[in-house]
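So this block is entry-v2.txt, compact mmCIF, C-alpha atoms and all ligand atoms:
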# COMPACT_ATOMS: atom_id res chain seq x y z
CA MET F 1 -7.20 23.75 37.16
CA ILE F 2 -8.36 22.41 33.81
CA GLN F 3 -8.92 18.74 33.23
CA ILE F 4 -9.10 17.22 29.78
CA ARG F 5 -11.11 14.01 29.67
CA ALA F 6 -13.20 11.93 27.29
CA GLU F 7 -16.85 12.87 27.05
CA ARG F 8 -19.23 10.88 29.21
CA ASN F 9 -22.93 10.09 29.08
CA GLY F 10 -24.68 13.25 30.14
CA ASP F 11 -22.12 15.63 28.60
CA GLN F 12 -23.87 15.88 25.25
CA GLU F 13 -26.01 18.91 25.99
CA ALA F 14 -23.09 20.85 27.45
CA ILE F 15 -21.02 19.98 24.38
CA ARG F 16 -23.83 21.30 22.17
CA GLN F 17 -23.86 24.55 24.12
CA ILE F 18 -20.09 24.97 23.92
CA ASN F 19 -20.17 24.59 20.14
CA ASP F 20 -23.19 26.87 19.72
CA ALA F 21 -21.55 29.58 21.83
CA ALA F 22 -18.16 29.37 20.14
CA PHE F 23 -19.49 29.18 16.57
CA LYS F 24 -22.56 31.37 17.17
CA GLY F 25 -24.83 28.86 15.49
CA ASP F 26 -25.69 25.20 15.58
CA ASN F 27 -23.97 23.79 12.46
CA GLU F 28 -21.05 22.41 14.44
CA SER F 29 -23.12 20.98 17.29
CA ARG F 30 -25.26 19.21 14.71
CA LEU F 31 -22.06 17.89 13.13
CA VAL F 32 -20.91 16.53 16.51
CA ASP F 33 -24.29 14.87 17.07
CA ALA F 34 -24.25 13.34 13.57
CA ILE F 35 -20.72 11.99 13.97
CA ARG F 36 -21.54 10.61 17.42
CA LYS F 37 -24.33 8.54 15.84
CA SER F 38 -22.10 7.23 13.05
CA GLU F 39 -19.71 4.30 13.05
CA LEU F 40 -16.83 6.73 12.54
CA PHE F 41 -17.14 8.13 16.05
CA VAL F 42 -14.26 7.27 18.36
CA PRO F 43 -15.51 7.84 21.94
CA GLU F 44 -11.96 8.11 23.27
CA LEU F 45 -11.36 11.06 20.92
CA SER F 46 -14.28 13.27 21.91
CA LEU F 47 -12.64 15.30 24.66
CA VAL F 48 -13.91 17.99 26.95
CA ALA F 49 -12.11 20.60 29.01
CA GLU F 50 -13.57 20.84 32.50
CA THR F 51 -12.94 23.38 35.22
CA ASP F 52 -14.79 23.56 38.56
CA GLY F 53 -17.29 21.02 37.29
CA GLU F 54 -18.10 23.13 34.22
CA LEU F 55 -17.39 22.11 30.64
CA ILE F 56 -15.73 24.97 28.76
CA GLY F 57 -14.21 23.34 25.69
CA HIS F 58 -14.63 20.41 23.36
CA ILE F 59 -12.62 18.76 20.61
CA LEU F 60 -13.58 15.89 18.35
CA PHE F 61 -11.44 13.64 16.19
CA SER F 62 -13.31 11.15 14.02
CA ILE F 63 -12.45 8.69 11.31
CA VAL F 64 -12.28 9.82 7.69
CA HIS F 65 -10.54 8.18 4.75
CA ILE F 66 -7.81 9.07 2.36
CA GLN F 67 -8.86 7.82 -1.06
CA SER F 68 -5.64 6.73 -2.72
CA GLY F 69 -6.45 5.17 -6.06
CA ASP F 70 -8.67 2.21 -5.22
CA VAL F 71 -7.48 2.07 -1.64
CA GLU F 72 -9.15 3.75 1.33
CA ILE F 73 -6.72 4.57 4.11
CA PRO F 74 -8.26 5.46 7.47
CA THR F 75 -7.13 8.58 9.25
CA VAL F 76 -8.72 11.01 11.68
CA ALA F 77 -10.04 14.50 11.11
CA LEU F 78 -9.98 17.08 13.86
CA ALA F 79 -13.40 18.74 13.66
CA PRO F 80 -14.87 20.63 15.25
CA MET F 81 -13.17 22.21 18.23
CA ALA F 82 -14.59 24.94 20.39
CA VAL F 83 -13.88 26.86 23.56
CA VAL F 84 -16.59 29.05 25.10
CA PRO F 85 -15.90 32.73 24.38
CA GLU F 86 -15.28 33.65 28.07
CA HIS F 87 -12.42 31.13 28.23
CA GLN F 88 -10.78 31.67 24.84
CA ASN F 89 -7.15 32.71 24.49
CA LYS F 90 -6.15 31.14 27.82
CA GLY F 91 -4.58 28.01 26.40
CA VAL F 92 -7.61 25.70 26.70
CA GLY F 93 -7.77 25.05 22.96
CA SER F 94 -4.07 24.19 22.90
CA LEU F 95 -4.50 21.73 25.78
CA LEU F 96 -7.35 20.04 23.88
CA VAL F 97 -5.28 19.72 20.70
CA GLU F 98 -2.20 18.39 22.51
CA GLU F 99 -4.16 15.85 24.56
CA GLY F 100 -6.20 14.85 21.51
CA LEU F 101 -3.10 14.17 19.46
CA LYS F 102 -1.65 12.01 22.25
CA ARG F 103 -4.85 10.02 22.54
CA ALA F 104 -5.14 9.65 18.76
CA GLU F 105 -1.66 8.14 18.83
CA ASP F 106 -2.71 5.83 21.69
CA GLN F 107 -5.63 4.71 19.51
CA GLY F 108 -3.16 3.76 16.78
CA PHE F 109 -3.80 6.59 14.35
CA LYS F 110 -0.74 7.64 12.40
CA HIS F 111 -1.92 10.90 10.87
CA VAL F 112 -4.57 13.57 11.27
CA VAL F 113 -6.08 16.25 9.06
CA VAL F 114 -7.77 19.52 9.94
CA LEU F 115 -9.58 22.28 8.11
CA GLY F 116 -8.92 25.33 10.22
CA HIS F 117 -7.07 28.48 11.14
CA PRO F 118 -3.65 28.44 9.47
CA ASP F 119 -2.20 30.49 12.35
CA PHE F 120 -3.37 28.12 15.08
CA TYR F 121 -2.54 24.56 14.03
CA PRO F 122 1.08 24.76 12.77
CA LYS F 123 2.34 25.13 16.36
CA PHE F 124 1.18 21.54 16.94
CA GLY F 125 3.05 20.25 13.90
CA PHE F 126 0.38 20.63 11.24
CA VAL F 127 1.56 21.60 7.76
CA ARG F 128 -0.30 22.26 4.53
CA ALA F 129 -1.75 18.87 3.59
CA SER F 130 -0.83 19.48 -0.05
CA THR F 131 2.86 19.32 0.91
CA LYS F 132 2.22 15.75 2.11
CA GLY F 133 0.32 14.73 -1.02
CA ILE F 134 -3.07 14.97 0.67
CA GLU F 135 -5.83 16.83 -1.13
CA ALA F 136 -8.93 18.38 0.43
CA PRO F 137 -12.29 16.95 -0.64
CA PHE F 138 -13.48 20.33 -1.90
CA PRO F 139 -11.82 23.54 -3.06
CA VAL F 140 -10.35 25.44 -0.10
CA PRO F 141 -7.43 27.85 0.23
CA ASP F 142 -4.31 25.69 0.40
CA GLU F 143 -3.20 26.99 3.80
CA VAL F 144 -6.40 26.03 5.67
CA PHE F 145 -6.30 22.31 4.93
CA MET F 146 -3.57 20.82 7.06
CA ALA F 147 -2.16 17.43 7.99
CA LYS F 148 0.11 16.14 10.70
CA GLU F 149 2.06 12.95 10.80
CA ILE F 150 1.50 11.59 14.31
CA LYS F 151 4.00 8.91 13.35
CA VAL F 152 6.82 10.65 11.54
CA GLY F 153 7.01 9.62 7.89
CA SER F 154 3.58 7.99 7.90
CA LEU F 155 2.35 10.04 4.93
CA HIS F 156 5.49 9.57 2.85
CA GLN F 157 4.11 6.89 0.58
CA ILE F 158 0.54 8.19 0.45
CA ILE F 159 -1.00 10.40 -2.20
CA GLY F 160 -4.73 10.87 -2.05
CA LYS F 161 -7.83 12.87 -1.40
CA ILE F 162 -9.73 13.04 1.88
CA VAL F 163 -13.28 11.73 1.80
CA TYR F 164 -15.56 13.06 4.51
CA PRO F 165 -18.48 10.82 5.53
CA PRO F 166 -22.11 11.98 5.06
CA ALA F 167 -22.23 13.30 8.65
CA PHE F 168 -20.17 16.26 7.45
CA ASP F 169 -22.96 17.25 5.05
CA THR F 170 -24.85 18.59 8.08
CA VAL F 171 -22.48 21.57 8.09
CA SER F 172 -23.66 23.96 5.46
C1 LIG L 201 -10.13 28.35 17.95
C2 LIG L 201 -10.37 28.09 19.43
C3 LIG L 201 -10.90 26.69 19.64
C4 LIG L 201 -9.04 28.24 20.16
O1 LIG L 201 -9.26 27.98 21.53
P1 LIG L 201 -8.48 28.85 22.62
O2 LIG L 201 -8.71 28.22 23.95
O3 LIG L 201 -8.85 30.27 22.46
O4 LIG L 201 -6.99 28.57 22.15
P2 LIG L 201 -5.64 28.92 22.89
O5 LIG L 201 -5.89 29.88 24.00
O6 LIG L 201 -4.93 27.67 23.19
O7 LIG L 201 -4.85 29.63 21.72
C5 LIG L 201 -5.34 30.83 21.24
C6 LIG L 201 -4.72 31.01 19.89
O8 LIG L 201 -5.72 30.78 18.89
C7 LIG L 201 -5.69 31.84 17.99
N1 LIG L 201 -7.03 32.00 17.42
C8 LIG L 201 -8.21 31.97 18.04
N2 LIG L 201 -9.21 32.20 17.16
C9 LIG L 201 -8.61 32.38 15.97
C10 LIG L 201 -9.08 32.69 14.68
N3 LIG L 201 -10.40 32.87 14.44
N4 LIG L 201 -8.18 32.79 13.69
C11 LIG L 201 -6.87 32.61 13.93
N5 LIG L 201 -6.36 32.35 15.13
C12 LIG L 201 -7.22 32.23 16.15
C13 LIG L 201 -5.29 33.01 18.84
O9 LIG L 201 -4.77 34.04 18.05
C14 LIG L 201 -4.21 32.42 19.74
O10 LIG L 201 -2.96 32.35 19.07
P3 LIG L 201 -1.57 32.46 19.88
O11 LIG L 201 -1.53 31.32 20.83
O12 LIG L 201 -0.54 32.35 18.79
O13 LIG L 201 -1.62 33.79 20.55
C15 LIG L 201 -11.38 29.09 20.03
O14 LIG L 201 -10.91 30.38 19.80
C16 LIG L 201 -12.78 28.97 19.46
O15 LIG L 201 -13.60 28.21 19.97
N6 LIG L 201 -13.08 29.75 18.41
C17 LIG L 201 -14.39 29.74 17.79
C18 LIG L 201 -14.67 28.44 17.10
C19 LIG L 201 -13.60 28.08 16.09
O16 LIG L 201 -13.22 28.90 15.27
N7 LIG L 201 -13.12 26.81 16.19
C20 LIG L 201 -12.01 26.32 15.41
C21 LIG L 201 -12.37 25.90 14.05
S1 LIG L 201 -10.88 25.45 13.20
Kindly present the structure from the file in structure tokens form.
Amino acid sequence: MIQIRAERNGDQEAIRQINDAAFKGDNESRLVDAIRKSELFVPELSLVAETDGELIGHILFSIVHIQSGDVEIPTVALAPMAVVPEHQNKGVGSLLVEEGLKRAEDQGFKHVVVLGHPDFYPKFGFVRASTKGIEAPFPVPDEVFMAKEIKVGSLHQIIGKIVYPPAFDTVS
């Protein structure tokens, strides 16, 4: 039985350990800590997967902006997400993405971007961001920077470039 729920006080160390184990380093856990301290953190969108009282996965969505001319349009970025190695490939990551997208919609977000595995995210409706007129903030292979319209058509009138906040500079 796996429960997906928002992180609570006291989960932070376990979330650090999940990220360190999945990414084999601490860049991503430092990113999570930096975002948590920033005003772009959305507590409802930091989700953990729990089984038998143990946290085995984590996903974070936080606010970033689409710079469209002089206008900054808020959106959310999915980053990072991690499942401990012993529990990978059992559907936990998919549960986290699906629940996160639902909760992002509940929070009123209309679109989401992700930099990630091009084989993993399309099954949740992500497409190359470039096909929606959304550019990555730095040069990346086109297929790894993806966007999803949570509200269908919400990116139709938008052309712009994602701006990550300084917290993302912690990931080298
Ligand atoms: C990516 C990750 C979160 C997926 O979690 P998970 O619980 O294993 O995901 P699920 O079991 O729901 O789905 C597994 C799918 O992810 C794919 N996948 C996992 N790691 C992958 C990788 N490095 N590249 C491409 N696909 C990957 C598997 O092939 C599988 O695809 P399938 O469903 O088509 O067979 C997990 O593997 C992980 O923590 N990896 C290390 C950290 C990382 O890379 N995070 C994501 C950054 S974008």
With all atoms listed in the file as the atoms that count, which of F:Val76, F:Met146, F:Ala34, F:Ile158 lies nearest to F:Gly100?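 Using all atoms listed in the file, the shortest distance to F:Gly100 belongs to F:Val76.
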| Using all atoms listed in the file, what are the residues with an atom within 8 Å of ligand LIG 201 (chain L), set out as a ChimeraX atom specification? | /F:19,22-23,57,79-85,87-95,114-120
Hey, what's within 12 Å of F:Gly53 if we count only C-alpha atoms and toss same-chain stuff fewer than 6 positions away? As a list in words, please?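 Once the adjacent positions are removed, what remains is Met1, Ile2, Gln3, Ile4, Asp11 and Ala14 of chain F.
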Put the listed atoms of stretch 62-70 of chain F in a box along x, y and z with 6 Å added on every side and give me the centre and edge lengths in Å to one decimal, as JSON.
{"center_x": -9.5, "center_y": 6.7, "center_z": 4.0, "size_x": 19.7, "size_y": 20.9, "size_z": 32.1}
One decimal place gives the atom CA of F:Thr51-atom CA of F:Val97 separation as 16.8 Å
query: Using only C-alpha atoms, which residues sit within 10 Å of F:Gly160 once same-chain residues fewer than 4 positions away are excluded, as JSON, numbers by chain?
result: {"F": [65, 66, 67, 68, 69, 71, 72, 73, 130, 132, 133, 134, 135, 136, 137, 155]}
What separates atom CA of F:Ile150 and atom CA of F:Ser46 is a distance of 17.6 Å
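Take the candidates F:Glu54, F:Ser29, F:Ile162, F:Leu40 and check each one against F:Phe145 using all atoms listed in the file; the shortest distance goes to F:Ile162.
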What's the separation between atom CA of F:Lys37 and atom CA of F:Thr170, in Å to one decimal place?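 Straight-line distance from atom CA of F:Lys37 to atom CA of F:Thr170 works out to 12.7 Å.
If you count only C-alpha atoms and draw a sphere of 7 Å around (-14.9, 16.2, 14.6), the protein and nucleic acid residues inside it come out as Val32, Ile59, Leu60, Phe61, Ser62, Ala77, Leu78, Ala79 and Pro80 of chain F.
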**Item:** All residues 10 Å or closer to F:Gly153, all atoms listed in the file, same chain fewer than 4 positions away omitted, as a list in words
**Value:**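 My reading of the contact set: Lys110, His111, Lys132, Lys148, Glu149, Gln157 and Ile158 of chain F.
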Counting all atoms listed in the file, closest pick from F:Leu45, F:Val140, F:Ile63, F:Leu55 relative to F:Leu101 is F:Leu45
